[in-house]
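Undergrad: One structure, as structure tokens, below. Some questions next.
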Amino acid sequence: FLNIVGAAGLARGVVRVEGGAESLPFGELFSESLRYFWRLLGAGLIIWLPFFVIFVLIFVAMMIAVFSDAGNSPAMGGAFLLVIISMCCCMLPFTIVLGLYSQQVNRSITVEDRGVIDSLARGWQVFSKNIVILLIVAVVIFIGGFLVGVIIALPVILLMVPLMESFVRGNITSWQPFMAVGVFILCYSPLAWLISGILTTFTESVWTLTYLRLIKPKEETPVFIEANA
């Protein structure tokens, strides 16, 4: 609920700023975003539920075939791992395409205030005509988000890796180092959440601005008629 309402509020905030608003009251944005909750939820279910059902059915069918043919436990383990890897590789392109399409559908609801069915058609129209631009934006956002995510997790990684290495080697004989790291993570979490929230705000704003630019009517080139002498 909070994820859907928060995304709608961010989109509406960007639309207001683009329209010249100088302030964005949280209460107004939250109340306004509630209007879009059921439409966003319905559109999300229509887009993602069939994909999820097909994924589960294919996975179950492949697992039944694997376990019926495998004769020993090691073979089952290897076949199970191969099935998971192959399924992830095959579904990744479909996930990317559906994710980009879903972004346009959500923006058509929150930006243009369309209904569920109308937003599905509008989202496909924007997606199919601008797929290259959307892919470029997605790659840039992914790279930037990945780098920021690594930076956020770096302090925890720098503490946990030496700690676990010492624990495996048997150099730690008490729980005090684990408690110290746990206290640090608890104190660091609010800062990490703040940075993650800023990243989410930036990402959602970029997608909304991209949608606004893509649906903006193209200015017609003036036609000059040469007068006859």
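All residue names refer to the structure tokens as shown: chains lettered A, B, ... in order, residues numbered from 1 in each chain, ligands numbered from 1 in order.
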Taking only residues of stretch 164-219 of chain A that have an atom at most 12 Å from an atom of stretch 119-137 of chain A, what is each one's shortest atom pair and its distance in Å to one decimal, using only C-alpha atoms, in chain and number order, as CSV?
TA:
```
residue,atom,partner,partner_atom,distance
A:Thr203,CA,A:Val137,CA,10.0
A:Glu204,CA,A:Val137,CA,11.8
A:Val206,CA,A:Val137,CA,8.5
A:Trp207,CA,A:Val137,CA,8.2
A:Thr208,CA,A:Val137,CA,11.6
A:Leu209,CA,A:Val137,CA,11.1
A:Thr210,CA,A:Leu134,CA,8.2
A:Tyr211,CA,A:Val126,CA,8.1
A:Leu212,CA,A:Val126,CA,10.6
A:Arg213,CA,A:Val126,CA,10.8
A:Leu214,CA,A:Val126,CA,7.3
A:Ile215,CA,A:Val126,CA,7.4
A:Lys216,CA,A:Val126,CA,11.0
```
Undergrad: So, with only C-alpha atoms as the atoms that count, which of A:Ile152, A:Ile117, A:Val111, A:Leu147 lies closest to A:Ser189?
TA: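 Using only C-alpha atoms, A:Ser189 sits closest to A:Ile152.
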Undergrad: Considering only C-alpha atoms, state which residue in the set A:Leu81, A:Trp48, A:Val5, A:Ile143 is at the smallest distance from A:Ser102.
TA: A:Trp48
Undergrad: Of the candidates A:Val14, A:Ala21, A:Val105, A:Leu98, which one gets nearest to A:Leu41 if we count only C-alpha atoms?
TA: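 Selected residue with least distance to A:Leu41: A:Val105.
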Undergrad: From the DSSP assignment of the backbone, select every residue of stretch 5-81 of chain A that is helix (DSSP H, G or I), and format the answer as a VMD selection string.
TA: chain A and resid 5 to 18 26 to 34 37 to 69 73 to 81
Undergrad: So which residues touch A:Ala180 within 12 Å, counting only C-alpha atoms, skipping near sequence neighbours fewer than 4 positions away, as a ChimeraX atom specification?
TA: /A:156,159-160,163,174-176,184-187
Undergrad: Write a file of the selected residues as a short mmCIF file (atom, residue, chain, number, x, y, z; two decimals), in the first residue's frame, keeping N, CA and C atoms.
TA:
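Below you can see part37.cif, which holds the result:
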```
data_model
loop_
_atom_site.label_atom_id
_atom_site.label_comp_id
_atom_site.auth_asym_id
_atom_site.auth_seq_id
_atom_site.Cartn_x
_atom_site.Cartn_y
_atom_site.Cartn_z
N VAL A 156 28.91 -1.62 5.76
CA VAL A 156 28.51 -2.90 6.36
C VAL A 156 29.36 -4.04 5.81
N LEU A 159 32.81 -4.21 7.34
CA LEU A 159 32.80 -4.74 8.70
C LEU A 159 32.48 -6.24 8.73
N MET A 160 31.54 -6.67 7.90
CA MET A 160 31.08 -8.05 7.97
C MET A 160 32.08 -9.04 7.39
N LEU A 163 34.89 -9.80 9.78
CA LEU A 163 34.31 -10.46 10.95
C LEU A 163 33.99 -11.92 10.66
N SER A 174 34.15 -14.74 21.49
CA SER A 174 33.03 -14.14 22.21
C SER A 174 32.07 -13.48 21.22
N TRP A 175 30.91 -13.07 21.74
CA TRP A 175 29.90 -12.44 20.91
C TRP A 175 30.06 -10.92 20.85
N GLN A 176 31.03 -10.37 21.52
CA GLN A 176 31.18 -8.92 21.56
C GLN A 176 31.41 -8.29 20.19
N PHE A 184 26.38 -0.98 15.30
CA PHE A 184 26.74 -0.08 14.19
C PHE A 184 25.69 -0.12 13.08
N ILE A 185 25.24 -1.34 12.74
CA ILE A 185 24.25 -1.46 11.67
C ILE A 185 22.94 -0.78 12.07
N LEU A 186 22.54 -0.92 13.34
CA LEU A 186 21.32 -0.26 13.81
C LEU A 186 21.45 1.26 13.74
N CYS A 187 22.62 1.77 14.09
CA CYS A 187 22.83 3.22 14.04
C CYS A 187 22.98 3.73 12.60
#
```
Undergrad: Between A:Gly170, A:Gly13, A:Pro217, A:Pro25, which residue has the minimum interatomic distance to A:Phe202, considering only C-alpha atoms?
TA: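 Residue with the minimum atom-to-atom distance to A:Phe202: A:Gly13.
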Undergrad: Quick one: distance from atom CA of A:Gly42 to atom CA of A:Asn3 in Å, one decimal?
TA: 14.3 Å
